[in-house]
Amino acid sequence: MLSTLPAGTGRPSPTTTAAPWWRDAVIYQVYVRSFLDSTDDGIGDLAGVRAGLPYLKKLGVDGIWLSPFYPSPQHDHGYDVADYRAVDPVYGDLTEFDRLVCASHRIGLKVLLDIVPNHCSSEHPWFRETLAAGPGTEARSRFHFAPGRGADGSEPPNNWRAMFGGPAWTRVTEPDGTPGEWYLHLFTPEQPDLNWRHQEVGDEFEQVLRFWLDRGVDGFRIDVAAGLFKHPELPDSEDPEADERSRDSVNPLAWNQPEVHGVWRRWRAVCEEYTAGDGEHRLLVGEVSVPTAREHALYVRPDELHQAFFFDLLSAPWDAAAFRTTIDAAVRDIAGTGSTVTWVLNNHDQVRTVTRYAGEPGVEGSGLGAARARAAALLMLALPGAAYVYQGEELGLPEVLDLPDDVLTDPIFSRTGSRKHVRDGCRVPLPWSGHASPFGFSQGAAGAQPWLPQPSWFADHATDRALADTSSFWHLYREGLQLRRSMPQLGEGPLHWLETPPQVLAMVRGDGLVCAVNFGSDPVPAPVPGAPLLASGPCPDGVLPGATAAWWITDLKTA
Ligand code: NOJ
């Protein structure tokens, strides 16, 4: 039975809240390389992000997270950092960075940077020093160097595998030309893991945080935030393939070690110092992949990270029971401890929702995938906590599945030879306008092509079309964000499920917002009579069609 609630009297009236801004913020992830290219070299840059700020303001997000723009040999598109205190010339320079922060703040947008503390680039001065310094030196102790196994040391020190394929160890040639020690890298060989038990590593990162906080940034997205510490003895793993398999199965000897919490306490204290200056909280959001919501909650204790991405919603299949179990676990184990849940449906590492929910592998963007992605977005925006939107999500961009092998840049492809987990398809430069590539991403005058080719069907998703079409994804996100902003009580507080048929989820939030999602294909009676406030698709009065979500205001006092 679907319980039916009384209809409300219209749109909610704005209320105010004293909660810190980050608890219910919606942040837009800017993948700088693919956002907007101001120099016509086919690669997005910081000046391009600045030019796109009015677009983001209009969309209604609270801030931006910038993917790494530091000097880097780009073996993993900036997640291999050679200098943590500068801007790669391909993206701009510090002056342009300062302009971007200033312009963002002027229009009320927060700016988060992506910080990569688990590993650096093999071009970082610290790692270069290790190669010249040789075994047993102080320089090597900032990383995980170890002799190999076997009579001639030609076997890696343990059986760990790298996330991107192959062994997690690479052997170096010593300064005298002989084959030497091995170093640990959970990702590519060009991303050596730092040894966080070395005092200087923690000290250096504290200085890096201060460098950017002094330049006015509002916080950091922390890469691999459940990593950093490894089991001190680096023993063999009982399940060496775990790290290669998926996000949900990680090598417990290399991830989620208890010492990592001390780092987040230290970083939180640094953020608090800066908060004291202007009263505006600085934010730490961690990329935390751990097996359970309960372990996840440990990362967002009051003196640790403010937020940690809760990836279980992103991994959940399009299924009402799976979504409900995931949401319940998060609300009980994370929000229930007083912290906030940070929801995410898309990012630069995952197949985009429109394609993921399409149901058939190999379908770029069927109408069904788009309908479900729209419904999922409305659900996410109605949940208690914070949310992140990945660029292009607001345009309903599908994954680009048919990029030819020779344009793929993801190290996962070069290291595994398989296209299965390849991430280039969600990183194709955004379409802004026009009917042909570069779709306004670059001006195209210098003849430079976007760094990944854009398919011709990107025209259907260009921002100019999206803005002109009130039924577009863009308008759905905008309206959802506006309503959410007008109902700050949505950000915190309880979530009550209504009784529904198994293929439907319906919840009551705040002072009477009802959000219902029909995961099935057949229409069901709507839980609230009358026209919804907002719906992800056509929604006649009293009916909730399949693959559709809608919001209503109900008058709970008369319920
Ligand atoms: C997670 C980032 O999101 C991903 O893009 C990157 O490749 C790995 N961490 C390694 O830094």
# chains A, B, ... in the order shown; residues from 1 in each chain; ligands from 1
>>> select_by_dssp(residues="region 231-449 of chain A", states="alpha helix (DSSP H)", output="ChimeraX atom specification")
/A:242-245,260-278,293-299,312-315,320-333,353-356,367-382,411-416
>>> residues_near_ligand(ligand="ligand 1", cutoff="6 Å", atoms="only C-alpha atoms and all ligand atoms", output="NGL selection string")
:A and (76 or 79 or 223-224 or 349)
>>> write_last_selection(atoms="N, CA and C atoms", output="mmCIF file, in the first residue's frame")
data_model
loop_
_atom_site.group_PDB
_atom_site.id
_atom_site.type_symbol
_atom_site.label_atom_id
_atom_site.label_comp_id
_atom_site.auth_asym_id
_atom_site.auth_seq_id
_atom_site.Cartn_x
_atom_site.Cartn_y
_atom_site.Cartn_z
ATOM 1 N N ASP A 76 48.749 10.269 -14.337
ATOM 2 C CA ASP A 76 47.392 9.974 -13.868
ATOM 3 C C ASP A 76 46.633 11.302 -13.768
ATOM 4 N N TYR A 79 47.082 13.404 -10.579
ATOM 5 C CA TYR A 79 47.161 12.697 -9.294
ATOM 6 C C TYR A 79 48.572 12.132 -9.112
ATOM 7 N N ASP A 223 42.567 13.033 -1.581
ATOM 8 C CA ASP A 223 42.665 11.812 -2.384
ATOM 9 C C ASP A 223 43.079 10.638 -1.492
ATOM 10 N N VAL A 224 42.484 9.464 -1.728
ATOM 11 C CA VAL A 224 42.916 8.221 -1.059
ATOM 12 C C VAL A 224 42.982 8.408 0.466
ATOM 13 N N ASP A 349 35.907 9.214 -11.883
ATOM 14 C CA ASP A 349 36.416 7.839 -11.907
ATOM 15 C C ASP A 349 35.342 6.829 -12.279
#
>>> atom_distance(atom1="CA of Glu206 (chain A)", atom2="CA of Pro411 (chain A)")
29.3 Å
>>> atom_distance(atom1="CA of Pro156 (chain A)", atom2="CA of Pro179 (chain A)")
12.3 Å
>>> atom_distance(atom1="CA of Ala531 (chain A)", atom2="CA of Thr554 (chain A)")
11.4 Å
>>> closest_residue(among="A:Trp451, A:Trp160, A:Phe127, A:Trp182", to="Leu403 (chain A)", atoms="only C-alpha atoms")
A:Trp451
>>> closest_atom_pairs(of="region 297-400 of chain A", to="region 424-433 of chain A", cutoff="7 Å", atoms="only C-alpha atoms", output="tab-separated table")
residue	atom	partner	partner_atom	distance
A:His348	CA	A:Cys426	CA	6.1
A:Gln350	CA	A:Cys426	CA	6.9
A:Val351	CA	A:Cys426	CA	6.1
A:Arg352	CA	A:Cys426	CA	6.2
A:Gly392	CA	A:Leu430	CA	6.6
A:Glu399	CA	A:Gly425	CA	5.2
A:Val400	CA	A:Gly425	CA	4.4
>>> residues_around(residues="region 106-111 of chain A", least_positions_apart="4", cutoff="7 Å", atoms="only C-alpha atoms", output="PyMOL selection string")
chain A and resi 62-65+101-102+217-219
>>> write_last_selection(atoms="C-alpha atoms", output="PDB file, in the first residue's frame")
ATOM      1  CA  ASP A  62      27.656  26.416  -3.142  1.00  0.00           C
ATOM      2  CA  GLY A  63      31.178  25.932  -4.363  1.00  0.00           C
ATOM      3  CA  ILE A  64      33.639  24.127  -6.594  1.00  0.00           C
ATOM      4  CA  TRP A  65      36.191  21.366  -6.099  1.00  0.00           C
ATOM      5  CA  VAL A 101      39.669  32.307  -5.895  1.00  0.00           C
ATOM      6  CA  CYS A 102      38.898  35.988  -5.766  1.00  0.00           C
ATOM      7  CA  VAL A 217      40.996  28.412  -0.280  1.00  0.00           C
ATOM      8  CA  ASP A 218      37.987  27.075   1.601  1.00  0.00           C
ATOM      9  CA  GLY A 219      39.135  23.504   1.939  1.00  0.00           C
TER      10      GLY A 219
END
>>> select_by_dssp(residues="region 147-325 of chain A", states="strand (DSSP E or B)", output="ChimeraX atom specification")
/A:149,155,161,167,169-173,179-184,193-194,219-222,246,249,283-286,307-310
>>> residues_around(residues="Leu100 (chain A)", least_positions_apart="5", cutoff="10 Å", atoms="only C-alpha atoms", output="ChimeraX atom specification")
/A:46-51,53,94-95,105-106,111
>>> closest_residue(among="A:Thr342, A:Pro175, A:Gly227, A:Ala25", to="Arg485 (chain A)", atoms="only C-alpha atoms")
A:Ala25
>>> closest_atom_pairs(of="region 485-528 of chain A", to="region 313-336 of chain A", cutoff="12 Å", atoms="only C-alpha atoms", output="Markdown table")
| residue | atom | partner | partner_atom | distance |
| --- | --- | --- | --- | --- |
| A:Gly491 | CA | A:Ala335 | CA | 10.8 |
| A:Glu492 | CA | A:Ala335 | CA | 8.5 |
| A:Gly493 | CA | A:Ala335 | CA | 8.6 |
| A:Pro494 | CA | A:Val331 | CA | 8.5 |
| A:Leu495 | CA | A:Val331 | CA | 8.2 |
| A:His496 | CA | A:Asp328 | CA | 10.3 |
| A:Trp497 | CA | A:Arg324 | CA | 9.2 |
| A:Leu498 | CA | A:Arg324 | CA | 11.7 |
| A:Thr500 | CA | A:Ala320 | CA | 10.4 |
| A:Pro501 | CA | A:Ala320 | CA | 9.8 |
| A:Pro502 | CA | A:Ala320 | CA | 7.0 |
| A:Gln503 | CA | A:Ala320 | CA | 5.5 |
| A:Val504 | CA | A:Ala320 | CA | 6.1 |
| A:Leu505 | CA | A:Ala320 | CA | 6.2 |
| A:Ala506 | CA | A:Arg324 | CA | 9.8 |
| A:Met507 | CA | A:Arg324 | CA | 10.2 |
| A:Ala516 | CA | A:Ala320 | CA | 10.7 |
| A:Val517 | CA | A:Ala320 | CA | 8.3 |
| A:Asn518 | CA | A:Ala320 | CA | 8.0 |
| A:Phe519 | CA | A:Ala320 | CA | 5.9 |
| A:Gly520 | CA | A:Asp319 | CA | 8.3 |
| A:Ser521 | CA | A:Asp319 | CA | 11.5 |
>>> closest_residue(among="A:Gly359, A:Gly165, A:Gly546, A:Pro73", to="Glu190 (chain A)", atoms="only C-alpha atoms")
A:Pro73
>>> closest_residue(among="A:Gln257, A:Asn347, A:Ser67, A:Gln207", to="His231 (chain A)", atoms="only C-alpha atoms")
A:Gln257
>>> residues_around(residues="Glu200 (chain A)", least_positions_apart="5", cutoff="12 Å", atoms="only C-alpha atoms", output="PyMOL selection string")
chain A and resi 126+138-139+141-143+194-195+205-207
>>> write_last_selection(atoms="N, CA, C and O atoms", output="mmCIF file, in the first residue's frame")
data_model
loop_
_atom_site.group_PDB
_atom_site.id
_atom_site.type_symbol
_atom_site.label_atom_id
_atom_site.label_comp_id
_atom_site.auth_asym_id
_atom_site.auth_seq_id
_atom_site.Cartn_x
_atom_site.Cartn_y
_atom_site.Cartn_z
ATOM 1 N N TRP A 126 61.671 14.874 -3.842
ATOM 2 C CA TRP A 126 61.952 13.860 -2.820
ATOM 3 C C TRP A 126 62.234 12.492 -3.454
ATOM 4 O O TRP A 126 63.125 11.775 -3.020
ATOM 5 N N GLU A 138 68.364 8.388 4.377
ATOM 6 C CA GLU A 138 67.225 9.144 4.908
ATOM 7 C C GLU A 138 66.229 9.441 3.774
ATOM 8 O O GLU A 138 65.011 9.338 3.946
ATOM 9 N N ALA A 139 66.765 9.786 2.614
ATOM 10 C CA ALA A 139 65.887 10.135 1.484
ATOM 11 C C ALA A 139 64.940 8.978 1.183
ATOM 12 O O ALA A 139 63.746 9.183 0.929
ATOM 13 N N SER A 141 63.838 6.754 3.196
ATOM 14 C CA SER A 141 62.882 6.423 4.262
ATOM 15 C C SER A 141 61.616 7.272 4.193
ATOM 16 O O SER A 141 60.663 7.025 4.920
ATOM 17 N N ARG A 142 61.569 8.254 3.324
ATOM 18 C CA ARG A 142 60.305 8.994 3.133
ATOM 19 C C ARG A 142 59.326 8.194 2.263
ATOM 20 O O ARG A 142 58.185 8.582 2.073
ATOM 21 N N PHE A 143 59.823 7.116 1.661
ATOM 22 C CA PHE A 143 58.972 6.249 0.831
ATOM 23 C C PHE A 143 59.051 4.839 1.405
ATOM 24 O O PHE A 143 59.634 4.637 2.474
ATOM 25 N N LEU A 194 54.084 7.563 -0.262
ATOM 26 C CA LEU A 194 54.886 8.208 0.782
ATOM 27 C C LEU A 194 54.794 7.402 2.073
ATOM 28 O O LEU A 194 53.777 6.741 2.328
ATOM 29 N N ASN A 195 55.842 7.484 2.867
ATOM 30 C CA ASN A 195 55.852 6.791 4.168
ATOM 31 C C ASN A 195 55.382 7.766 5.240
ATOM 32 O O ASN A 195 56.147 8.613 5.705
ATOM 33 N N PHE A 205 53.162 18.158 4.590
ATOM 34 C CA PHE A 205 51.772 18.343 4.150
ATOM 35 C C PHE A 205 51.065 19.414 4.969
ATOM 36 O O PHE A 205 50.220 20.142 4.453
ATOM 37 N N GLU A 206 51.440 19.544 6.230
ATOM 38 C CA GLU A 206 50.828 20.638 7.001
ATOM 39 C C GLU A 206 51.213 21.989 6.372
ATOM 40 O O GLU A 206 50.369 22.885 6.240
ATOM 41 N N GLN A 207 52.457 22.095 5.951
ATOM 42 C CA GLN A 207 52.885 23.358 5.329
ATOM 43 C C GLN A 207 52.173 23.574 3.994
ATOM 44 O O GLN A 207 51.853 24.702 3.630
#
